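Heads up, upload_15.cif below (mmCIF, C-alpha atoms and all ligand atoms):
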data_run
#
loop_
_atom_site.label_atom_id
_atom_site.label_comp_id
_atom_site.auth_asym_id
_atom_site.auth_seq_id
_atom_site.Cartn_x
_atom_site.Cartn_y
_atom_site.Cartn_z
CA MET A 10 -9.78 -7.35 -39.83
CA ARG A 11 -11.80 -4.60 -41.48
CA LEU A 12 -10.29 -1.99 -43.83
CA ILE A 13 -10.91 1.52 -42.48
CA GLN A 14 -9.28 4.08 -44.78
CA ARG A 15 -6.52 4.26 -47.36
CA ILE A 16 -3.24 5.82 -46.15
CA PRO A 17 -2.05 8.70 -48.40
CA GLN A 18 1.15 8.07 -50.39
CA VAL A 19 4.42 9.21 -48.77
CA GLU A 20 5.11 11.79 -51.55
CA GLU A 21 1.65 13.29 -51.12
CA LEU A 22 2.02 13.79 -47.36
CA CYS A 23 5.69 14.75 -47.33
CA GLY A 24 5.08 17.34 -50.06
CA LYS A 25 2.19 18.87 -48.16
CA TYR A 26 3.94 19.09 -44.77
CA SER A 27 7.46 19.93 -45.81
CA ILE A 28 10.32 22.17 -44.73
CA SER A 29 12.22 24.84 -46.67
CA LYS A 30 15.59 24.43 -48.41
CA GLU A 31 17.30 26.40 -45.60
CA GLU A 32 15.68 24.17 -42.97
CA GLN A 33 16.87 21.09 -44.87
CA LYS A 34 20.36 22.57 -44.93
CA LYS A 35 20.24 23.19 -41.17
CA ARG A 36 19.16 19.57 -40.68
CA GLU A 37 22.14 18.43 -42.77
CA ASN A 38 24.50 20.55 -40.65
CA LEU A 39 23.12 19.05 -37.46
CA LEU A 40 23.46 15.54 -38.90
CA PHE A 41 27.08 16.34 -39.74
CA GLU A 42 27.66 17.35 -36.13
CA ILE A 43 25.97 14.23 -34.72
CA ARG A 44 27.97 11.97 -37.06
CA LYS A 45 31.16 13.68 -35.91
CA ILE A 46 30.30 12.92 -32.29
CA LEU A 47 29.42 9.29 -33.05
CA ALA A 48 32.64 8.89 -35.05
CA GLY A 49 34.67 10.14 -32.07
CA LYS A 50 35.75 13.29 -33.92
CA SER A 51 34.10 15.69 -31.50
CA GLU A 52 34.25 15.67 -27.71
CA LYS A 53 30.69 16.92 -27.31
CA LYS A 54 28.04 14.63 -25.85
CA ILE A 55 24.57 14.14 -27.28
CA ILE A 56 21.59 14.48 -24.94
CA ILE A 57 18.30 13.15 -26.30
CA ILE A 58 15.77 14.71 -23.99
CA GLY A 59 12.04 15.23 -23.81
CA PRO A 60 8.73 13.70 -22.80
CA CYS A 61 8.07 9.98 -22.66
CA SER A 62 5.26 10.62 -25.15
CA ALA A 63 4.53 13.72 -27.22
CA ASP A 64 0.88 13.88 -26.23
CA ARG A 65 -0.10 17.42 -27.28
CA GLU A 66 1.44 19.85 -29.71
CA ASP A 67 1.20 23.06 -27.63
CA ALA A 68 3.02 21.71 -24.57
CA VAL A 69 5.62 19.84 -26.63
CA VAL A 70 6.45 22.91 -28.75
CA GLU A 71 6.71 25.02 -25.59
CA TYR A 72 9.06 22.42 -24.09
CA VAL A 73 11.26 22.33 -27.19
CA TYR A 74 11.33 26.12 -27.22
CA LEU A 75 12.81 26.06 -23.70
CA LEU A 76 15.25 23.40 -24.83
CA ALA A 77 16.39 25.59 -27.72
CA GLU A 78 17.29 28.35 -25.25
CA LEU A 79 19.10 25.88 -23.03
CA GLN A 80 20.99 24.53 -26.05
CA ASN A 81 22.53 27.96 -26.50
CA ARG A 82 23.80 27.94 -22.94
CA VAL A 83 25.43 24.51 -23.19
CA LYS A 84 26.46 24.48 -26.83
CA ASP A 85 30.19 24.03 -26.12
CA ARG A 86 29.67 20.67 -24.41
CA PHE A 87 26.30 19.25 -25.44
CA LEU A 88 24.19 18.72 -28.51
CA LEU A 89 20.60 18.57 -27.27
CA ILE A 90 18.13 16.61 -29.39
CA PRO A 91 14.47 16.96 -28.40
CA ARG A 92 12.85 13.60 -27.76
CA VAL A 93 9.50 13.84 -29.56
CA TYR A 94 8.11 10.31 -29.34
CA THR A 95 4.88 10.01 -31.27
CA GLY A 96 4.40 6.24 -31.29
CA LYS A 97 4.53 4.26 -28.03
CA PRO A 98 5.20 0.52 -27.82
CA ARG A 99 3.09 -1.12 -25.09
CA THR A 100 4.18 -4.11 -23.06
CA ARG A 101 0.74 -5.72 -23.01
CA GLY A 102 -0.67 -4.05 -26.10
CA ASP A 103 -3.18 -1.83 -24.33
CA GLY A 104 -2.93 1.81 -23.21
CA TYR A 105 -2.06 5.01 -25.07
CA LYS A 106 -0.04 4.22 -28.20
CA GLY A 107 0.91 7.79 -28.95
CA MET A 108 -0.19 10.68 -31.14
CA LEU A 109 0.27 8.45 -34.17
CA HIS A 110 -2.68 6.31 -33.09
CA ARG A 111 -4.69 8.97 -31.31
CA PRO A 112 -4.00 12.65 -32.05
CA LYS A 113 -6.27 13.48 -29.09
CA PRO A 114 -5.34 11.16 -26.21
CA SER A 115 -8.81 11.41 -24.64
CA SER A 116 -10.59 10.34 -27.82
CA ARG A 117 -12.14 6.88 -27.68
CA HIS A 118 -10.96 5.69 -31.09
CA ASP A 119 -7.69 5.39 -32.97
CA ASP A 120 -7.33 7.29 -36.26
CA LEU A 121 -3.98 6.52 -37.84
CA VAL A 122 -4.37 8.67 -40.94
CA SER A 123 -5.08 11.76 -38.82
CA GLY A 124 -2.28 10.55 -36.55
CA ILE A 125 0.32 10.48 -39.33
CA ILE A 126 -0.70 14.01 -40.34
CA ALA A 127 -0.61 15.24 -36.72
CA VAL A 128 2.86 13.73 -36.27
CA ARG A 129 4.20 15.35 -39.45
CA GLU A 130 2.66 18.68 -38.49
CA LEU A 131 4.14 18.47 -35.00
CA HIS A 132 7.67 17.80 -36.28
CA GLN A 133 7.26 20.50 -38.94
CA HIS A 134 6.05 23.07 -36.37
CA ILE A 135 8.91 22.25 -34.01
CA ILE A 136 11.41 22.94 -36.78
CA LYS A 137 9.71 26.15 -37.88
CA GLU A 138 9.03 27.56 -34.41
CA THR A 139 12.08 26.47 -32.44
CA GLY A 140 14.78 25.72 -35.02
CA MET A 141 15.33 22.31 -33.40
CA TYR A 142 15.05 18.88 -35.06
CA ALA A 143 13.82 15.90 -33.11
CA ALA A 144 14.33 12.23 -32.30
CA ASP A 145 11.44 9.78 -32.55
CA GLU A 146 11.07 6.04 -32.01
CA LEU A 147 11.36 3.74 -35.02
CA LEU A 148 8.25 1.83 -34.01
CA TYR A 149 6.62 0.98 -37.34
CA PRO A 150 9.22 0.35 -40.09
CA GLY A 151 6.52 0.84 -42.76
CA LEU A 152 5.94 4.41 -41.54
CA CYS A 153 9.59 5.50 -41.39
CA SER A 154 9.51 7.30 -44.72
CA TYR A 155 6.46 9.30 -43.60
CA VAL A 156 8.53 11.18 -41.04
CA SER A 157 12.28 10.48 -41.17
CA ASP A 158 13.02 13.49 -43.44
CA LEU A 159 12.03 15.76 -40.52
CA LEU A 160 14.12 13.97 -37.89
CA ILE A 161 17.78 13.79 -36.96
CA TYR A 162 17.71 10.64 -34.81
CA MET A 163 15.65 7.49 -34.30
CA ALA A 164 15.79 4.71 -31.72
CA VAL A 165 14.61 1.14 -31.98
CA GLY A 166 12.98 0.19 -28.69
CA ALA A 167 13.61 -2.71 -26.33
CA ARG A 168 10.55 -4.59 -27.59
CA SER A 169 11.48 -4.28 -31.29
CA VAL A 170 15.26 -4.62 -31.41
CA GLU A 171 15.40 -8.32 -32.28
CA ASP A 172 13.05 -7.86 -35.24
CA GLN A 173 14.52 -8.09 -38.76
CA GLU A 174 12.18 -5.51 -40.27
CA HIS A 175 13.26 -2.85 -37.73
CA ARG A 176 16.94 -3.62 -38.28
CA LEU A 177 16.58 -3.43 -42.07
CA ALA A 178 14.56 -0.20 -41.85
CA ALA A 179 17.38 1.28 -39.73
CA SER A 180 19.84 0.32 -42.48
CA SER A 181 17.86 2.42 -44.96
CA LEU A 182 17.97 5.70 -43.02
CA ASP A 183 20.36 8.63 -43.40
CA ILE A 184 19.98 9.53 -39.73
CA PRO A 185 21.73 7.76 -36.84
CA VAL A 186 19.66 5.01 -35.24
CA GLY A 187 20.15 3.83 -31.65
CA MET A 188 19.45 0.16 -30.89
CA LYS A 189 18.27 -0.40 -27.32
CA ASN A 190 19.16 -3.50 -25.39
CA PRO A 191 16.13 -5.82 -25.30
CA SER A 192 13.91 -5.94 -22.18
CA SER A 193 15.67 -9.17 -21.14
CA GLY A 194 19.05 -7.37 -21.19
CA ASP A 195 21.04 -9.54 -23.65
CA ILE A 196 23.61 -7.11 -25.05
CA SER A 197 24.50 -9.45 -27.92
CA VAL A 198 20.96 -8.93 -29.30
CA MET A 199 21.60 -5.17 -29.25
CA LEU A 200 25.00 -5.48 -30.95
CA ASN A 201 23.58 -7.92 -33.52
CA ALA A 202 20.98 -5.25 -34.28
CA VAL A 203 23.75 -2.66 -34.71
CA SER A 204 25.60 -5.03 -37.05
CA ALA A 205 22.47 -5.73 -39.13
CA ALA A 206 21.65 -2.01 -39.41
CA GLN A 207 25.20 -1.15 -40.50
CA GLN A 208 24.98 -3.53 -43.48
CA GLY A 209 23.18 -2.86 -46.79
CA HIS A 210 20.09 -4.99 -47.50
CA ARG A 211 17.51 -5.63 -50.17
CA ILE A 212 14.18 -4.56 -48.63
CA LEU A 213 10.51 -4.05 -49.46
CA VAL A 214 9.38 -0.45 -49.00
CA ASN A 215 6.25 1.46 -50.09
CA GLY A 216 5.45 -1.08 -52.82
CA TRP A 217 9.07 -1.19 -54.07
CA GLU A 218 12.02 -3.57 -53.85
CA ALA A 219 14.93 -1.35 -52.75
CA GLN A 220 18.61 -1.61 -51.82
CA THR A 221 19.76 0.09 -48.61
CA ASP A 222 23.26 1.53 -48.12
CA GLY A 223 23.60 0.46 -44.49
CA ASN A 224 23.67 2.88 -41.57
CA LYS A 225 27.23 3.21 -40.33
CA TYR A 226 26.10 5.38 -37.42
CA ALA A 227 23.79 2.72 -35.94
CA HIS A 228 24.86 2.27 -32.31
CA ALA A 229 23.85 0.90 -28.90
CA ILE A 230 21.56 2.29 -26.18
CA LEU A 231 21.63 0.82 -22.66
CA ARG A 232 18.24 1.17 -20.95
CA GLY A 233 18.49 -1.39 -18.12
CA TYR A 234 16.56 -4.65 -18.22
CA VAL A 235 14.07 -6.86 -16.43
CA ASN A 236 15.31 -10.11 -14.86
CA THR A 237 13.43 -13.41 -14.68
CA ALA A 238 11.85 -12.32 -11.39
CA GLY A 239 10.39 -9.27 -13.15
CA GLU A 240 12.72 -6.83 -11.37
CA SER A 241 14.45 -3.90 -13.07
CA VAL A 242 18.24 -4.22 -13.28
CA PRO A 243 20.37 -1.20 -14.23
CA ASN A 244 23.12 -1.52 -16.84
CA TYR A 245 24.70 1.95 -16.76
CA TYR A 246 27.38 1.14 -14.15
CA TYR A 247 31.12 1.43 -14.78
CA GLU A 248 31.39 -2.40 -15.06
CA ASN A 249 28.56 -2.55 -17.63
CA LEU A 250 30.28 0.08 -19.74
CA ILE A 251 33.64 -1.72 -19.61
CA LYS A 252 31.89 -4.95 -20.63
CA LEU A 253 30.13 -3.27 -23.53
CA HIS A 254 33.43 -1.72 -24.61
CA ASP A 255 35.00 -5.24 -24.67
CA HIS A 256 32.09 -6.62 -26.70
CA TYR A 257 32.34 -3.74 -29.17
CA CYS A 258 36.10 -4.38 -29.51
CA ARG A 259 35.49 -8.03 -30.41
CA GLN A 260 33.14 -7.11 -33.26
CA ASN A 261 33.84 -5.39 -36.48
CA LEU A 262 31.39 -2.53 -35.95
CA ARG A 263 31.84 0.97 -37.23
CA ASN A 264 31.75 4.03 -34.96
CA PRO A 265 31.47 2.21 -31.59
CA SER A 266 29.07 4.28 -29.49
CA VAL A 267 26.56 4.00 -26.70
CA ILE A 268 23.89 6.32 -25.38
CA ILE A 269 22.72 5.72 -21.82
CA ASP A 270 18.97 5.89 -21.32
CA CYS A 271 18.69 7.17 -17.74
CA ASN A 272 15.03 6.21 -17.28
CA HIS A 273 13.18 2.94 -18.04
CA SER A 274 14.78 -0.06 -16.31
CA ASN A 275 17.89 1.95 -15.42
CA SER A 276 15.90 4.12 -13.03
CA ASN A 277 13.09 1.59 -12.53
CA LYS A 278 10.98 4.52 -13.75
CA HIS A 279 11.90 6.61 -10.65
CA TYR A 280 12.31 9.70 -12.76
CA MET A 281 14.27 11.69 -10.17
CA GLU A 282 16.98 9.03 -10.23
CA GLN A 283 17.83 10.17 -13.76
CA CYS A 284 19.89 13.03 -12.30
CA ARG A 285 22.04 10.68 -10.22
CA ILE A 286 22.37 8.21 -13.10
CA ALA A 287 23.45 10.92 -15.55
CA GLU A 288 26.12 12.10 -13.10
CA ASP A 289 27.26 8.54 -12.46
CA VAL A 290 27.71 7.92 -16.20
CA PHE A 291 29.80 11.07 -16.59
CA ASP A 292 31.84 10.00 -13.53
CA SER A 293 32.62 6.74 -15.32
CA CYS A 294 33.63 8.75 -18.38
CA ARG A 295 35.96 10.82 -16.24
CA ARG A 296 37.57 7.76 -14.70
CA ASN A 297 38.15 5.76 -17.86
CA LYS A 298 39.24 6.97 -21.29
CA SER A 299 37.77 3.98 -23.14
CA ILE A 300 34.40 4.57 -21.49
CA ASN A 301 34.60 8.25 -22.34
CA GLN A 302 35.26 7.37 -25.98
CA LEU A 303 32.40 4.86 -26.11
CA VAL A 304 29.73 6.88 -24.28
CA LYS A 305 28.43 9.46 -26.73
CA GLY A 306 25.62 10.75 -24.56
CA LEU A 307 22.43 10.31 -22.60
CA MET A 308 18.71 9.90 -23.07
CA ILE A 309 16.54 11.63 -20.45
CA GLU A 310 12.76 11.69 -20.06
CA SER A 311 11.73 15.21 -19.17
CA TYR A 312 8.69 17.45 -19.66
CA LEU A 313 7.33 20.74 -18.32
CA GLU A 314 6.01 19.21 -15.07
CA ASP A 315 7.47 16.56 -12.78
CA GLY A 316 5.90 13.10 -12.70
CA ALA A 317 3.00 11.59 -14.60
CA GLN A 318 -0.79 11.78 -14.66
CA LEU A 319 -3.70 9.71 -15.90
CA ILE A 320 -5.21 10.56 -19.28
CA GLY A 321 -8.11 12.95 -18.61
CA GLU A 322 -6.47 14.71 -15.64
CA ASP A 323 -5.41 17.28 -18.23
CA VAL A 324 -2.43 18.87 -16.48
CA TYR A 325 -0.61 20.86 -19.18
CA GLY A 326 2.93 19.55 -19.84
CA LYS A 327 2.73 16.52 -17.53
CA SER A 328 3.45 13.05 -18.92
CA ILE A 329 0.55 10.70 -19.59
CA THR A 330 2.90 7.71 -19.88
CA ASP A 331 6.10 7.20 -17.84
CA PRO A 332 6.96 9.85 -15.21
CA CYS A 333 9.33 12.58 -16.41
CA LEU A 334 11.63 15.14 -14.82
CA GLY A 335 10.02 18.61 -14.80
CA TRP A 336 11.59 21.59 -16.57
CA LYS A 337 13.18 23.32 -13.53
CA ARG A 338 15.03 20.17 -12.49
CA THR A 339 15.92 19.44 -16.11
CA GLU A 340 17.48 22.84 -16.60
CA SER A 341 19.59 22.61 -13.45
CA LEU A 342 20.59 19.02 -14.31
CA ILE A 343 21.89 19.94 -17.76
CA VAL A 344 23.70 23.07 -16.57
CA GLY A 345 25.21 21.07 -13.67
CA LEU A 346 26.32 18.29 -16.02
CA GLN A 347 28.01 20.83 -18.23
CA ASP A 348 30.05 22.08 -15.27
CA LYS A 349 30.81 18.50 -14.28
CA ILE A 350 32.27 17.47 -17.61
CA ALA A 351 34.07 20.78 -18.11
CA GLY A 352 36.69 19.46 -15.66
CA TYR A 353 37.83 16.51 -17.76
CA MET A 354 37.02 17.38 -21.35
O1 LIG A 401 8.42 4.45 -22.56
C1 LIG A 401 7.32 4.18 -22.19
C2 LIG A 401 6.95 2.87 -21.68
O2 LIG A 401 7.96 2.39 -20.84
C3 LIG A 401 6.74 1.90 -22.80
O3 LIG A 401 5.92 2.49 -23.76
C4 LIG A 401 6.07 0.66 -22.25
O4 LIG A 401 5.04 0.99 -21.44
P1 LIG A 401 4.11 -0.07 -20.69
O5 LIG A 401 4.99 -1.15 -20.12
O6 LIG A 401 3.44 0.76 -19.65
O7 LIG A 401 3.14 -0.60 -21.70
C1 LIG A 402 9.55 2.80 -24.96
C2 LIG A 402 10.73 3.34 -24.75
O1 LIG A 402 11.84 2.73 -24.39
P1 LIG A 402 12.15 1.20 -24.26
O2 LIG A 402 12.01 0.63 -25.63
O3 LIG A 402 13.53 1.21 -23.75
O4 LIG A 402 11.18 0.61 -23.29
C3 LIG A 402 10.94 4.79 -24.88
O5 LIG A 402 12.09 5.24 -24.93
O6 LIG A 402 9.94 5.49 -24.89
#
What is this file in structure tokens?
Ligand SMILES: O=C[C@H](O)[C@H](O)COP(=O)(O)O
Ligand SMILES: C=C(OP(=O)(O)O)C(=O)O
Amino acid sequence: MRLIQRIPQVEELCGKYSISKEEQKKRENLLFEIRKILAGKSEKKIIIIGPCSADREDAVVEYVYLLAELQNRVKDRFLLIPRVYTGKPRTRGDGYKGMLHRPKPSSRHDDLVSGIIAVRELHQHIIKETGMYAADELLYPGLCSYVSDLLIYMAVGARSVEDQEHRLAASSLDIPVGMKNPSSGDISVMLNAVSAAQQGHRILVNGWEAQTDGNKYAHAILRGYVNTAGESVPNYYYENLIKLHDHYCRQNLRNPSVIIDCNHSNSNKHYMEQCRIAEDVFDSCRRNKSINQLVKGLMIESYLEDGAQLIGEDVYGKSITDPCLGWKRTESLIVGLQDKIAGYM
């Protein structure tokens, strides 16, 4: 290992790329609304939606701008949270690791200090230009405090969910954190992560020993899994949701909730399947009250253009990681889902 550059202190960066008092207040109001949904005190569903990776600021801000307009049209039924994922976990370690590592995807070298600044600027610009507040992945627990004040949601990914540091970091946050099922599919690992995040812990953070309060809005995310033959197996079906409901009932967890990730191993990365999966989940909600109470929403991978491209192809608004649903299909999906759930809510 070779030291490259010192990372600026959290206070220094957060002070420099900050939001106004009114914007903080708006964030608090949104958090209040999300907590109400997760606590079962609102019938609205949350939809965390956006690109697999936030690769460039201009296209991502344009996307969130469209989402803000759509939010107005579906505000009675849905709370849309832009998915602005700036750090990507990689199965084999190689490949694009997100804006956090490489603010310019085509550059040949990582630059994490510039990456942290680019990520903060991106989240700050989204808030200022669109009025929306985003979700990001809790990939590096040590970097949480560099960005969490600008977010309203974080998710711990399938490759990190069994890790103590991620669980304890989730317990320190004032925003809801979703715990994905691990790649192998064991839902007890996911619920153990929810339990750990809901408790208070003594942790090490930014050179301090600190006590966390516990995150009572930590909850589950089903993203499908990979079996021992390496095949994707969905876990969004009616039976999976009933089983998760039973597991939740047996544990003393607060605010039982699940978000269904429609892509990843649930769609086997066939991005168009997300539309069918989203409808299927809402059908299960319609058929069963317990499922409807447990399912608090969806995660959808969507961008301006359908599909995915290789880095360097340079198609504006097209994913450079997993394939995403393009904007036109996204818009009709969300409007259609609104009509669908209007019948039973
Ligand atoms: O969400 C994106 C990917 O599924 C995740 O980063 C893993 O990607 P990989 O298996 O291509 O490395
Ligand atoms: C990497 C992601 O998901 P998972 O951890 O489910 O693979 C993601 O949502 O971008």
Inset, instruction - Identify, on the basis of all atoms listed in the file, every residue whose closest approach to Val165 of chain A does not exceed 12 Å; exclude the query and any residue fewer than 6 positions from it along the same chain; express the result as an NGL selection string. - result: :A and (94 or 96-98 or 144-150 or 153 or 171-180 or 185-191 or 199 or 202-203 or 206 or 227-232)
Kindly save the residues from that selection, with C-alpha atoms included, as a tab-separated table (two decimals), in the coordinates of the input.
chain	number	residue	atom	x	y	z
A	94	TYR	CA	8.11	10.31	-29.34
A	96	GLY	CA	4.40	6.24	-31.29
A	97	LYS	CA	4.53	4.26	-28.03
A	98	PRO	CA	5.20	0.52	-27.82
A	144	ALA	CA	14.33	12.23	-32.30
A	145	ASP	CA	11.44	9.78	-32.55
A	146	GLU	CA	11.07	6.04	-32.01
A	147	LEU	CA	11.36	3.74	-35.02
A	148	LEU	CA	8.25	1.83	-34.01
A	149	TYR	CA	6.62	0.98	-37.34
A	150	PRO	CA	9.22	0.35	-40.09
A	153	CYS	CA	9.59	5.50	-41.39
A	171	GLU	CA	15.40	-8.32	-32.28
A	172	ASP	CA	13.05	-7.86	-35.24
A	173	GLN	CA	14.52	-8.09	-38.76
A	174	GLU	CA	12.18	-5.51	-40.27
A	175	HIS	CA	13.26	-2.85	-37.73
A	176	ARG	CA	16.94	-3.62	-38.28
A	177	LEU	CA	16.58	-3.43	-42.07
A	178	ALA	CA	14.56	-0.20	-41.85
A	179	ALA	CA	17.38	1.28	-39.73
A	180	SER	CA	19.84	0.32	-42.48
A	185	PRO	CA	21.73	7.76	-36.84
A	186	VAL	CA	19.66	5.01	-35.24
A	187	GLY	CA	20.15	3.83	-31.65
A	188	MET	CA	19.45	0.16	-30.89
A	189	LYS	CA	18.27	-0.40	-27.32
A	190	ASN	CA	19.16	-3.50	-25.39
A	191	PRO	CA	16.13	-5.82	-25.30
A	199	MET	CA	21.60	-5.17	-29.25
A	202	ALA	CA	20.98	-5.25	-34.28
A	203	VAL	CA	23.75	-2.66	-34.71
A	206	ALA	CA	21.65	-2.01	-39.41
A	227	ALA	CA	23.79	2.72	-35.94
A	228	HIS	CA	24.86	2.27	-32.31
A	229	ALA	CA	23.85	0.90	-28.90
A	230	ILE	CA	21.56	2.29	-26.18
A	231	LEU	CA	21.63	0.82	-22.66
A	232	ARG	CA	18.24	1.17	-20.95
Inset, instruction - Quick one: everything within 12 Å of Ala48 of chain A, counting all atoms listed in the file, minus sequence neighbours fewer than 5 positions away in the same chain. Send it as JSON, numbers by chain. - result: {"A": [40, 41, 42, 43, 53, 54, 185, 225, 226, 227, 228, 262, 263, 264, 265, 266, 267, 302, 303, 304, 305]}
Close residues to ligand LIG 402 (chain A) using all atoms listed in the file, limit 6 Å, as a CSV table (one decimal) with C-alpha atoms, keeping the file's coordinate frame:
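Once written, part-v6.csv looks like this:
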chain,number,residue,atom,x,y,z
A,61,CYS,CA,8.1,10.0,-22.7
A,98,PRO,CA,5.2,0.5,-27.8
A,166,GLY,CA,13.0,0.2,-28.7
A,167,ALA,CA,13.6,-2.7,-26.3
A,168,ARG,CA,10.6,-4.6,-27.6
A,232,ARG,CA,18.2,1.2,-21.0
A,273,HIS,CA,13.2,2.9,-18.0
Inset, instruction - Find the residue from A:Gln14, A:Ser311, A:Ser62, A:Gln208 that sits nearest to ligand LIG 401 (chain A); use only C-alpha atoms and all ligand atoms when measuring. - result: A:Ser62
Would you compute an axis-aligned box for segment 70-85 of chain A, covering every atom listed for it in the file with 3 Å of margin on each side, and report centre and edge lengths in Å to one decimal as lines of an AutoDock Vina configuration file?
center_x = 18.3
center_y = 25.3
center_z = -25.8
size_x = 29.7
size_y = 12.0
size_z = 11.8
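You will find atom CA of Asp103 of chain A at 17.7 Å from atom CA of Ala317 of chain A.
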Legend entry - Residue neighbourhood Gly352 of chain A, 12 Å, all atoms listed in the file, exclusion window fewer than 6 positions, as a PyMOL selection string: chain A and resi 86+291-292+294-296+345-346
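With all atoms listed in the file as the atoms that count, the residue of A:Asp64, A:Val214, A:Arg99, A:Leu12 with the shortest distance to Ser115 of chain A is A:Asp64.
Distances here use all atoms listed in the file; by that measure, the residue among A:Val70, A:Leu89, A:Val170, A:Ala164 closest to Glu138 of chain A is A:Val70.
Across the structure, atom CA of Ile320 of chain A and atom CA of Gly124 of chain A are spaced 17.5 Å apart.
Here the question is which of A:Leu342, A:Ser192, A:Ile268, A:Ala238 gets nearest to Arg285 of chain A using all atoms listed in the file, and that residue is A:Leu342.
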Inset, instruction - Can you work out the spacing between atom CA of Arg259 of chain A and atom CA of Ile286 of chain A in Å, to one decimal? - result: 27.1 Å
Inset, instruction - Using only C-alpha atoms, determine which residues lie at most 7 Å from segment 322-336 of chain A, disregarding the query and same-chain residues fewer than 6 positions distant; provide the list as a ChimeraX atom specification. - result: /A:60-62,68,278,280-281,310-316
Closest pair table for segment 227-287 of chain A residues within 9 Å of segment 297-301 of chain A, all atoms listed in the file, as JSON lines:
{"residue": "A:Tyr247", "atom": "CA", "partner": "A:Ile300", "partner_atom": "CA", "distance": 8.1}
{"residue": "A:Leu250", "atom": "CA", "partner": "A:Ile300", "partner_atom": "CA", "distance": 6.3}
{"residue": "A:Ile251", "atom": "CA", "partner": "A:Ile300", "partner_atom": "CA", "distance": 6.6}
{"residue": "A:His254", "atom": "CA", "partner": "A:Ile300", "partner_atom": "CA", "distance": 7.1}
Inset, instruction - Go through A:Gly239, A:Gly223, A:Gly216, A:Gly209 one by one, measure the shortest atom-to-atom distance of each to ligand LIG 401 (chain A) using only C-alpha atoms and all ligand atoms, and give the residue with the smallest value. - result: A:Gly239
